[in-house]
Structures are given as structure tokens and as C-alpha cells.
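Engineer: One file is attached below, protein_6.pdb, containing PDB, C-alpha atoms and all ligand atoms.
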ATOM      1  CA  MET A   1     -55.064 -63.207 -43.520  1.00  0.00           C
ATOM      2  CA  LEU A   2     -51.356 -62.754 -42.806  1.00  0.00           C
ATOM      3  CA  PHE A   3     -49.218 -63.137 -45.874  1.00  0.00           C
ATOM      4  CA  ARG A   4     -45.518 -63.040 -46.723  1.00  0.00           C
ATOM      5  CA  LEU A   5     -43.921 -62.250 -50.055  1.00  0.00           C
ATOM      6  CA  ALA A   6     -40.222 -62.409 -50.863  1.00  0.00           C
ATOM      7  CA  TYR A   7     -38.425 -61.452 -54.061  1.00  0.00           C
ATOM      8  CA  TYR A   8     -35.049 -60.495 -55.398  1.00  0.00           C
ATOM      9  CA  SER A   9     -34.268 -58.117 -58.234  1.00  0.00           C
ATOM     10  CA  THR A  10     -31.416 -56.548 -60.164  1.00  0.00           C
ATOM     11  CA  ASN A  11     -30.111 -53.377 -58.520  1.00  0.00           C
ATOM     12  CA  LEU A  12     -29.985 -50.520 -61.044  1.00  0.00           C
ATOM     13  CA  LEU A  13     -28.710 -47.846 -58.655  1.00  0.00           C
ATOM     14  CA  LYS A  14     -25.412 -46.260 -59.529  1.00  0.00           C
ATOM     15  CA  GLN A  15     -22.379 -47.844 -57.950  1.00  0.00           C
ATOM     16  CA  ALA A  16     -20.935 -44.561 -56.688  1.00  0.00           C
ATOM     17  CA  ASN A  17     -21.506 -44.452 -52.963  1.00  0.00           C
ATOM     18  CA  ASP A  18     -23.357 -41.200 -52.508  1.00  0.00           C
ATOM     19  CA  PRO A  19     -26.123 -41.411 -55.084  1.00  0.00           C
ATOM     20  CA  ARG A  20     -26.692 -45.013 -54.152  1.00  0.00           C
ATOM     21  CA  ARG A  21     -27.039 -44.224 -50.467  1.00  0.00           C
ATOM     22  CA  SER A  22     -29.308 -41.257 -50.982  1.00  0.00           C
ATOM     23  CA  GLU A  23     -31.618 -43.294 -53.225  1.00  0.00           C
ATOM     24  CA  LEU A  24     -31.655 -46.021 -50.601  1.00  0.00           C
ATOM     25  CA  ARG A  25     -32.557 -43.501 -47.953  1.00  0.00           C
ATOM     26  CA  LYS A  26     -35.438 -42.352 -50.132  1.00  0.00           C
ATOM     27  CA  ILE A  27     -36.644 -45.933 -50.468  1.00  0.00           C
ATOM     28  CA  VAL A  28     -36.435 -46.512 -46.723  1.00  0.00           C
ATOM     29  CA  LEU A  29     -38.182 -43.196 -46.039  1.00  0.00           C
ATOM     30  CA  SER A  30     -41.017 -44.188 -48.395  1.00  0.00           C
ATOM     31  CA  ALA A  31     -41.232 -47.518 -46.615  1.00  0.00           C
ATOM     32  CA  GLY A  32     -41.292 -45.807 -43.225  1.00  0.00           C
ATOM     33  CA  THR A  33     -44.127 -43.528 -44.265  1.00  0.00           C
ATOM     34  CA  ASN A  34     -46.191 -46.004 -46.236  1.00  0.00           C
ATOM     35  CA  ASN A  35     -45.662 -49.408 -44.642  1.00  0.00           C
ATOM     36  CA  GLY A  36     -46.594 -48.664 -41.024  1.00  0.00           C
ATOM     37  CA  PRO A  37     -50.130 -47.400 -41.672  1.00  0.00           C
ATOM     38  CA  LYS A  38     -50.730 -50.338 -44.014  1.00  0.00           C
ATOM     39  CA  GLY A  39     -49.605 -52.863 -41.405  1.00  0.00           C
ATOM     40  CA  ILE A  40     -46.646 -53.927 -43.541  1.00  0.00           C
ATOM     41  CA  THR A  41     -43.393 -55.105 -41.992  1.00  0.00           C
ATOM     42  CA  GLY A  42     -40.321 -56.501 -43.682  1.00  0.00           C
ATOM     43  CA  GLY A  43     -36.641 -56.407 -44.485  1.00  0.00           C
ATOM     44  CA  LEU A  44     -34.597 -55.111 -47.393  1.00  0.00           C
ATOM     45  CA  MET A  45     -31.005 -55.926 -48.259  1.00  0.00           C
ATOM     46  CA  PHE A  46     -28.895 -55.077 -51.247  1.00  0.00           C
ATOM     47  CA  ASN A  47     -25.488 -55.531 -52.748  1.00  0.00           C
ATOM     48  CA  ARG A  48     -23.981 -54.238 -55.985  1.00  0.00           C
ATOM     49  CA  GLN A  49     -25.991 -56.665 -58.027  1.00  0.00           C
ATOM     50  CA  PHE A  50     -29.195 -57.482 -56.185  1.00  0.00           C
ATOM     51  CA  PHE A  51     -31.978 -56.277 -53.952  1.00  0.00           C
ATOM     52  CA  GLY A  52     -33.644 -58.852 -51.704  1.00  0.00           C
ATOM     53  CA  GLN A  53     -36.847 -57.969 -49.875  1.00  0.00           C
ATOM     54  CA  VAL A  54     -39.424 -59.609 -47.642  1.00  0.00           C
ATOM     55  CA  LEU A  55     -42.878 -58.047 -47.166  1.00  0.00           C
ATOM     56  CA  GLU A  56     -45.342 -59.191 -44.499  1.00  0.00           C
ATOM     57  CA  GLY A  57     -48.904 -58.078 -43.868  1.00  0.00           C
ATOM     58  CA  GLU A  58     -52.469 -58.451 -45.017  1.00  0.00           C
ATOM     59  CA  ARG A  59     -52.568 -60.271 -48.360  1.00  0.00           C
ATOM     60  CA  ALA A  60     -54.174 -57.480 -50.396  1.00  0.00           C
ATOM     61  CA  SER A  61     -51.850 -54.832 -48.875  1.00  0.00           C
ATOM     62  CA  VAL A  62     -48.728 -56.886 -49.553  1.00  0.00           C
ATOM     63  CA  SER A  63     -49.863 -57.607 -53.079  1.00  0.00           C
ATOM     64  CA  GLU A  64     -50.617 -53.955 -53.823  1.00  0.00           C
ATOM     65  CA  LEU A  65     -47.262 -52.786 -52.451  1.00  0.00           C
ATOM     66  CA  PHE A  66     -45.385 -55.468 -54.352  1.00  0.00           C
ATOM     67  CA  CYS A  67     -46.975 -54.371 -57.633  1.00  0.00           C
ATOM     68  CA  ARG A  68     -45.917 -50.774 -56.949  1.00  0.00           C
ATOM     69  CA  ILE A  69     -42.373 -51.789 -56.025  1.00  0.00           C
ATOM     70  CA  ALA A  70     -42.080 -54.110 -59.020  1.00  0.00           C
ATOM     71  CA  SER A  71     -42.598 -51.189 -61.417  1.00  0.00           C
ATOM     72  CA  ASP A  72     -39.951 -49.004 -59.703  1.00  0.00           C
ATOM     73  CA  PRO A  73     -37.226 -48.032 -62.226  1.00  0.00           C
ATOM     74  CA  ARG A  74     -34.479 -48.352 -59.595  1.00  0.00           C
ATOM     75  CA  HIS A  75     -34.476 -52.102 -60.148  1.00  0.00           C
ATOM     76  CA  CYS A  76     -35.510 -54.636 -62.778  1.00  0.00           C
ATOM     77  CA  SER A  77     -35.862 -58.385 -63.384  1.00  0.00           C
ATOM     78  CA  VAL A  78     -37.935 -58.953 -60.270  1.00  0.00           C
ATOM     79  CA  VAL A  79     -38.018 -62.648 -59.325  1.00  0.00           C
ATOM     80  CA  LEU A  80     -40.572 -63.989 -56.869  1.00  0.00           C
ATOM     81  CA  VAL A  81     -39.023 -66.235 -54.211  1.00  0.00           C
ATOM     82  CA  GLU A  82     -42.226 -67.012 -52.308  1.00  0.00           C
ATOM     83  CA  ALA A  83     -45.743 -65.752 -51.674  1.00  0.00           C
ATOM     84  CA  VAL A  84     -47.379 -67.660 -48.832  1.00  0.00           C
ATOM     85  CA  GLU A  85     -49.899 -67.462 -46.059  1.00  0.00           C
ATOM     86  CA  VAL A  86     -48.112 -67.377 -42.690  1.00  0.00           C
ATOM     87  CA  ALA A  87     -49.132 -67.753 -39.053  1.00  0.00           C
ATOM     88  CA  SER A  88     -46.897 -64.990 -37.713  1.00  0.00           C
ATOM     89  CA  ARG A  89     -44.486 -62.221 -38.674  1.00  0.00           C
ATOM     90  CA  GLN A  90     -40.724 -62.638 -38.570  1.00  0.00           C
ATOM     91  CA  PHE A  91     -39.902 -58.980 -39.203  1.00  0.00           C
ATOM     92  CA  ASP A  92     -42.356 -57.585 -36.676  1.00  0.00           C
ATOM     93  CA  ARG A  93     -39.811 -55.063 -35.372  1.00  0.00           C
ATOM     94  CA  TRP A  94     -39.432 -53.169 -38.619  1.00  0.00           C
ATOM     95  CA  ALA A  95     -41.718 -51.304 -41.004  1.00  0.00           C
ATOM     96  CA  MET A  96     -38.725 -51.964 -43.263  1.00  0.00           C
ATOM     97  CA  GLY A  97     -35.371 -52.961 -41.841  1.00  0.00           C
ATOM     98  CA  LEU A  98     -32.458 -52.118 -44.087  1.00  0.00           C
ATOM     99  CA  ALA A  99     -29.241 -54.127 -44.255  1.00  0.00           C
ATOM    100  CA  GLU A 100     -26.453 -52.218 -45.919  1.00  0.00           C
ATOM    101  CA  LYS A 101     -23.208 -52.942 -44.115  1.00  0.00           C
ATOM    102  CA  ASN A 102     -20.454 -54.751 -45.968  1.00  0.00           C
ATOM    103  CA  GLU A 103     -19.023 -56.211 -42.776  1.00  0.00           C
ATOM    104  CA  THR A 104     -22.358 -57.795 -41.936  1.00  0.00           C
ATOM    105  CA  ALA A 105     -22.577 -59.259 -45.408  1.00  0.00           C
ATOM    106  CA  GLU A 106     -19.049 -60.647 -45.164  1.00  0.00           C
ATOM    107  CA  LYS A 107     -19.805 -62.307 -41.859  1.00  0.00           C
ATOM    108  CA  LEU A 108     -23.011 -63.844 -43.140  1.00  0.00           C
ATOM    109  CA  ASN A 109     -21.565 -64.859 -46.493  1.00  0.00           C
ATOM    110  CA  ALA A 110     -18.971 -66.927 -44.643  1.00  0.00           C
ATOM    111  CA  LYS A 111     -21.647 -68.445 -42.401  1.00  0.00           C
ATOM    112  CA  PHE A 112     -23.971 -69.275 -45.307  1.00  0.00           C
ATOM    113  CA  GLY A 113     -21.102 -70.459 -47.507  1.00  0.00           C
ATOM    114  CA  PHE A 114     -21.424 -67.821 -50.252  1.00  0.00           C
ATOM    115  CA  ALA A 115     -17.888 -67.692 -51.611  1.00  0.00           C
ATOM    116  CA  GLU A 116     -18.763 -65.054 -54.228  1.00  0.00           C
ATOM    117  CA  GLY A 117     -21.068 -62.968 -52.044  1.00  0.00           C
ATOM    118  CA  PHE A 118     -24.852 -63.101 -51.701  1.00  0.00           C
ATOM    119  CA  ASP A 119     -26.384 -64.652 -54.763  1.00  0.00           C
ATOM    120  CA  PRO A 120     -30.115 -65.301 -54.373  1.00  0.00           C
ATOM    121  CA  THR A 121     -30.567 -66.983 -57.753  1.00  0.00           C
ATOM    122  CA  GLY A 122     -30.070 -70.535 -56.514  1.00  0.00           C
ATOM    123  CA  LEU A 123     -31.269 -70.037 -52.950  1.00  0.00           C
ATOM    124  CA  SER A 124     -34.256 -71.817 -51.362  1.00  0.00           C
ATOM    125  CA  ALA A 125     -37.002 -69.568 -50.001  1.00  0.00           C
ATOM    126  CA  ASP A 126     -36.115 -70.775 -46.504  1.00  0.00           C
ATOM    127  CA  LEU A 127     -32.454 -69.735 -46.745  1.00  0.00           C
ATOM    128  CA  PHE A 128     -33.330 -66.489 -48.523  1.00  0.00           C
ATOM    129  CA  LEU A 129     -35.578 -65.527 -45.630  1.00  0.00           C
ATOM    130  CA  LYS A 130     -33.047 -66.556 -42.984  1.00  0.00           C
ATOM    131  CA  TYR A 131     -30.295 -64.540 -44.658  1.00  0.00           C
ATOM    132  CA  ILE A 132     -32.332 -61.332 -44.843  1.00  0.00           C
ATOM    133  CA  LEU A 133     -33.649 -61.748 -41.295  1.00  0.00           C
ATOM    134  CA  GLU A 134     -30.112 -62.239 -39.944  1.00  0.00           C
ATOM    135  CA  MET A 135     -28.796 -59.262 -41.921  1.00  0.00           C
ATOM    136  CA  VAL A 136     -31.507 -56.957 -40.674  1.00  0.00           C
ATOM    137  CA  THR A 137     -31.248 -58.222 -37.092  1.00  0.00           C
ATOM    138  CA  LEU A 138     -27.477 -57.744 -37.033  1.00  0.00           C
ATOM    139  CA  GLU A 139     -27.864 -54.180 -38.267  1.00  0.00           C
ATOM    140  CA  ASP A 140     -30.694 -53.220 -35.994  1.00  0.00           C
ATOM    141  CA  GLN A 141     -28.431 -50.652 -34.387  1.00  0.00           C
ATOM    142  CA  LEU A 142     -28.557 -48.548 -37.576  1.00  0.00           C
ATOM    143  CA  ILE A 143     -31.564 -46.607 -36.380  1.00  0.00           C
ATOM    144  CA  SER A 144     -30.667 -43.768 -38.720  1.00  0.00           C
ATOM    145  CA  VAL A 145     -31.605 -45.863 -41.720  1.00  0.00           C
ATOM    146  CA  SER A 146     -33.837 -48.663 -40.515  1.00  0.00           C
ATOM    147  CA  VAL A 147     -37.367 -47.701 -39.647  1.00  0.00           C
ATOM    148  CA  PRO A 148     -38.519 -49.252 -36.403  1.00  0.00           C
ATOM    149  CA  ARG A 149     -42.132 -50.263 -36.457  1.00  0.00           C
ATOM    150  CA  TRP A 150     -43.032 -49.036 -33.017  1.00  0.00           C
TER     151      TRP A 150
HETATM  152  C1  LIG B 201     -35.991 -52.420 -53.878  1.00  0.00           C
HETATM  153  C2  LIG B 201     -37.091 -51.474 -53.534  1.00  0.00           C
HETATM  154  C3  LIG B 201     -37.828 -51.660 -52.367  1.00  0.00           C
HETATM  155  C4  LIG B 201     -38.871 -50.800 -52.017  1.00  0.00           C
HETATM  156  N1  LIG B 201     -39.605 -51.004 -50.870  1.00  0.00           N
HETATM  157  C5  LIG B 201     -40.628 -50.188 -50.567  1.00  0.00           C
HETATM  158  C6  LIG B 201     -41.420 -50.422 -49.411  1.00  0.00           C
HETATM  159  O1  LIG B 201     -41.225 -51.352 -48.634  1.00  0.00           O
HETATM  160  N2  LIG B 201     -42.455 -49.557 -49.170  1.00  0.00           N
HETATM  161  C7  LIG B 201     -42.743 -48.495 -49.983  1.00  0.00           C
HETATM  162  O2  LIG B 201     -43.702 -47.781 -49.709  1.00  0.00           O
HETATM  163  N3  LIG B 201     -42.005 -48.257 -51.078  1.00  0.00           N
HETATM  164  C8  LIG B 201     -40.956 -49.077 -51.382  1.00  0.00           C
HETATM  165  N4  LIG B 201     -40.200 -48.807 -52.497  1.00  0.00           N
HETATM  166  C9  LIG B 201     -40.469 -47.589 -53.258  1.00  0.00           C
HETATM  167  C10 LIG B 201     -41.679 -47.716 -54.180  1.00  0.00           C
HETATM  168  O3  LIG B 201     -41.309 -48.352 -55.381  1.00  0.00           O
HETATM  169  C11 LIG B 201     -42.255 -46.322 -54.505  1.00  0.00           C
HETATM  170  O4  LIG B 201     -41.242 -45.491 -55.006  1.00  0.00           O
HETATM  171  C12 LIG B 201     -42.833 -45.645 -53.274  1.00  0.00           C
HETATM  172  O5  LIG B 201     -43.667 -46.517 -52.550  1.00  0.00           O
HETATM  173  C13 LIG B 201     -43.606 -44.388 -53.666  1.00  0.00           C
HETATM  174  O6  LIG B 201     -44.214 -43.855 -52.534  1.00  0.00           O
HETATM  175  P1  LIG B 201     -43.910 -42.356 -52.044  1.00  0.00           P
HETATM  176  O7  LIG B 201     -44.315 -41.487 -53.194  1.00  0.00           O
HETATM  177  O8  LIG B 201     -44.765 -42.195 -50.837  1.00  0.00           O
HETATM  178  O9  LIG B 201     -42.437 -42.281 -51.745  1.00  0.00           O
HETATM  179  C14 LIG B 201     -39.160 -49.687 -52.866  1.00  0.00           C
HETATM  180  C15 LIG B 201     -38.416 -49.504 -54.048  1.00  0.00           C
HETATM  181  C16 LIG B 201     -37.387 -50.382 -54.371  1.00  0.00           C
HETATM  182  C17 LIG B 201     -36.596 -50.152 -55.633  1.00  0.00           C
END
In C-alpha cells, how does this file's structure come out?

Structural biologist:
Amino acid sequence: MLFRLAYYSTNLLKQANDPRRSELRKIVLSAGTNNGPKGITGGLMFNRQFFGQVLEGERASVSELFCRIASDPRHCSVVLVEAVEVASRQFDRWAMGLAEKNETAEKLNAKFGFAEGFDPTGLSADLFLKYILEMVTLEDQLISVSVPRW
């Protein structure tokens, strides 16, 4: 059974650029190693305040990974946006696509009407998903950090 889970959380990584980026690389490397063999695909975005992530795959695998991620000390206050059965994957190109570019965020914030930047707290599951999918798609050229599925 194909399943999709989306959440946002409070980003606890340091604001200084280097430590933040190296921790993010570690996260994406873990995702690249672990997600593929488990049939998990998805997208991850972040800004200074939040992480937003979508996980797709077999229900038990998604659930197990989510529980592991939820206890990761690099974030807190994990809020579930949706957990639903789905007919197909939307992130089928990435074991975990990462969106990290400010310019991409600026472009999308204007398009989605986020005057103060991405704020998932009042967002519908539908818009949350669209935003992350667009972010990850726009940054697909960042092969150095996103992990292609195939
Ligand atoms: C916001 C966030 C997203 C994460 N996403 C994933 C993921 O998609 N896959 C994964 O295996 N680990 C992910 N992690 C890391 C896990 O919490 C955990 O550190 C990792 O799976 C441990 O596996 P490893 O020892 O093989 O690195 C994420 C962590 C954070 C903070």
C-alpha cells in the first residue's frame, strides 16, 4: 500500500552557514543511503525556522522512518500535515530531494503569496505539498546535494 506522510518541524540547526550546511549534507547522505533500499522517495526543504518534508513509500516503511526522524535532535516540535494512502508518487525522482536555495524560496514565496517567507503553520496539506514539490523540482540541478533515486 503506497502511503504519503508530510510534516513540518522547528529547525534547531545553527544559523551559521557552514555547520548548518554540513549537517544538512549529513541528513541528505543518510536519506540517500537509507531511503532507496526501503523504497522511500520524498522531498525536504528548510529555512531558518522550519523543516518541511514529504515521505512516500510503503506504509510501514514510511511510518518507521518518520518515527526515527521525529526523534532526531536536529529539530523539534514536529507537526503532522498529512498521512494518507495515495495512488502514485509525486517525488518519484528523488530518494530525498533537497531544496536549499534562497533564490528559489524567494521566487516561490512571491508566487504562493508568502510575504514573510515560507510559514507552514497555516498551510493546507495540498499547498504544503505543492510548495515542496515545486522547490525540489526547481532545484533538481543541485545534484551535489539532492539524491536522485535512479
Ligand atoms: C529534518 C530531517 C529529515 C530527515 N530525513 C531523513 C530521511 O529522509 N531518511 C533518513 O534515513 N534519515 C533522515 N534523517 C536523519 C535521521 O533522523 C537519522 O539521523 C538517520 O536516519 C540515521 O541513519 P544513519 O545512521 O544511517 O545516518 C532526517 C533528519 C532530519 C532532522

Engineer: Near Met1 of chain A, within 8 Å and counting all atoms listed in the file, which residues show up once chain neighbours fewer than 5 positions away are dropped, as a VMD selection string?

Structural biologist: chain A and resid 58 to 59 85

Engineer: Go ahead and compute the interatomic distance for atom CA of Ser30 of chain A and atom CA of Gly42 of chain A, in Å to one decimal.

Structural biologist: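 The value is 13.2 Å.
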
Engineer: Kindly compile the residues surrounding ligand LIG 201 (chain B) within 7 Å, counting all atoms listed in the file, and format them as a list in words.

Structural biologist: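 Within the 7 Å cut-off, the matching residues are Ile27, Val28, Ser30, Ala31, Thr33, Asn34, Asn35, Leu44, Phe51, Gln53, Leu65, Arg68, Ile69, Ala70, Ser71, Asp72, Pro73, Arg74, His75 and Met96 of chain A.
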
Engineer: List the residues selected by the PyMOL selection byres (((chain A and resi 92) around 8) and not hetatm) in the file shown, writing them as a list of chain:residue names.

Structural biologist: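 Taken over the shown coordinates, the PyMOL selection byres (((chain A and resi 92) around 8) and not hetatm) returns A:Thr41, A:Gly42, A:Arg89, A:Gln90, A:Phe91, A:Arg93, A:Trp94, A:Ala95, A:Arg149.
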
Engineer: Env of segment 103-111 of chain A: 12 Å cut, atoms = all atoms listed in the file, seq-sep filter 2 positions within chain, self excluded. Answer as a JSON list (two decimals) with C-alpha atoms, keeping the file's coordinate frame.

Structural biologist:
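What ended up in result_15.json:
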[["chain", "number", "residue", "atom", "x", "y", "z"],
["A", 45, "MET", "CA", -31.00, -55.93, -48.26],
["A", 46, "PHE", "CA", -28.90, -55.08, -51.25],
["A", 47, "ASN", "CA", -25.49, -55.53, -52.75],
["A", 48, "ARG", "CA", -23.98, -54.24, -55.98],
["A", 98, "LEU", "CA", -32.46, -52.12, -44.09],
["A", 99, "ALA", "CA", -29.24, -54.13, -44.26],
["A", 100, "GLU", "CA", -26.45, -52.22, -45.92],
["A", 101, "LYS", "CA", -23.21, -52.94, -44.12],
["A", 113, "GLY", "CA", -21.10, -70.46, -47.51],
["A", 114, "PHE", "CA", -21.42, -67.82, -50.25],
["A", 115, "ALA", "CA", -17.89, -67.69, -51.61],
["A", 116, "GLU", "CA", -18.76, -65.05, -54.23],
["A", 117, "GLY", "CA", -21.07, -62.97, -52.04],
["A", 118, "PHE", "CA", -24.85, -63.10, -51.70],
["A", 119, "ASP", "CA", -26.38, -64.65, -54.76],
["A", 120, "PRO", "CA", -30.12, -65.30, -54.37],
["A", 127, "LEU", "CA", -32.45, -69.74, -46.74],
["A", 128, "PHE", "CA", -33.33, -66.49, -48.52],
["A", 130, "LYS", "CA", -33.05, -66.56, -42.98],
["A", 131, "TYR", "CA", -30.30, -64.54, -44.66],
["A", 132, "ILE", "CA", -32.33, -61.33, -44.84],
["A", 133, "LEU", "CA", -33.65, -61.75, -41.30],
["A", 134, "GLU", "CA", -30.11, -62.24, -39.94],
["A", 135, "MET", "CA", -28.80, -59.26, -41.92],
["A", 136, "VAL", "CA", -31.51, -56.96, -40.67],
["A", 137, "THR", "CA", -31.25, -58.22, -37.09],
["A", 138, "LEU", "CA", -27.48, -57.74, -37.03],
["A", 139, "GLU", "CA", -27.86, -54.18, -38.27],
["A", 140, "ASP", "CA", -30.69, -53.22, -35.99],
["A", 142, "LEU", "CA", -28.56, -48.55, -37.58]]

Engineer: For atom CA of Pro37 of chain A and atom CA of Val62 of chain A, quote the distance in Å rounded to one decimal.

Structural biologist: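 Answer for the atom CA of Pro37 of chain A to atom CA of Val62 of chain A separation: 12.4 Å.
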
Engineer: Between atom CA of Glu64 of chain A and atom CA of Ile40 of chain A, what is the distance, to one decimal in Å?

Structural biologist: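 Separation of atom CA of Glu64 of chain A and atom CA of Ile40 of chain A: 11.0 Å.
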
Engineer: Using all atoms listed in the file, pick whichever of A:Ala87, A:Gly43, A:Cys76, A:Phe3 has the shortest atom-to-atom distance to Ala60 of chain A.

Structural biologist: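 Between A:Ala87, A:Gly43, A:Cys76, A:Phe3, the residue approaching Ala60 of chain A most closely is A:Phe3.
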
Engineer: When distances are computed from only C-alpha atoms, which of A:Tyr7, A:Gly52, A:Leu129, A:Gly39 shows the smallest separation from Cys67 of chain A?

Structural biologist: A:Tyr7
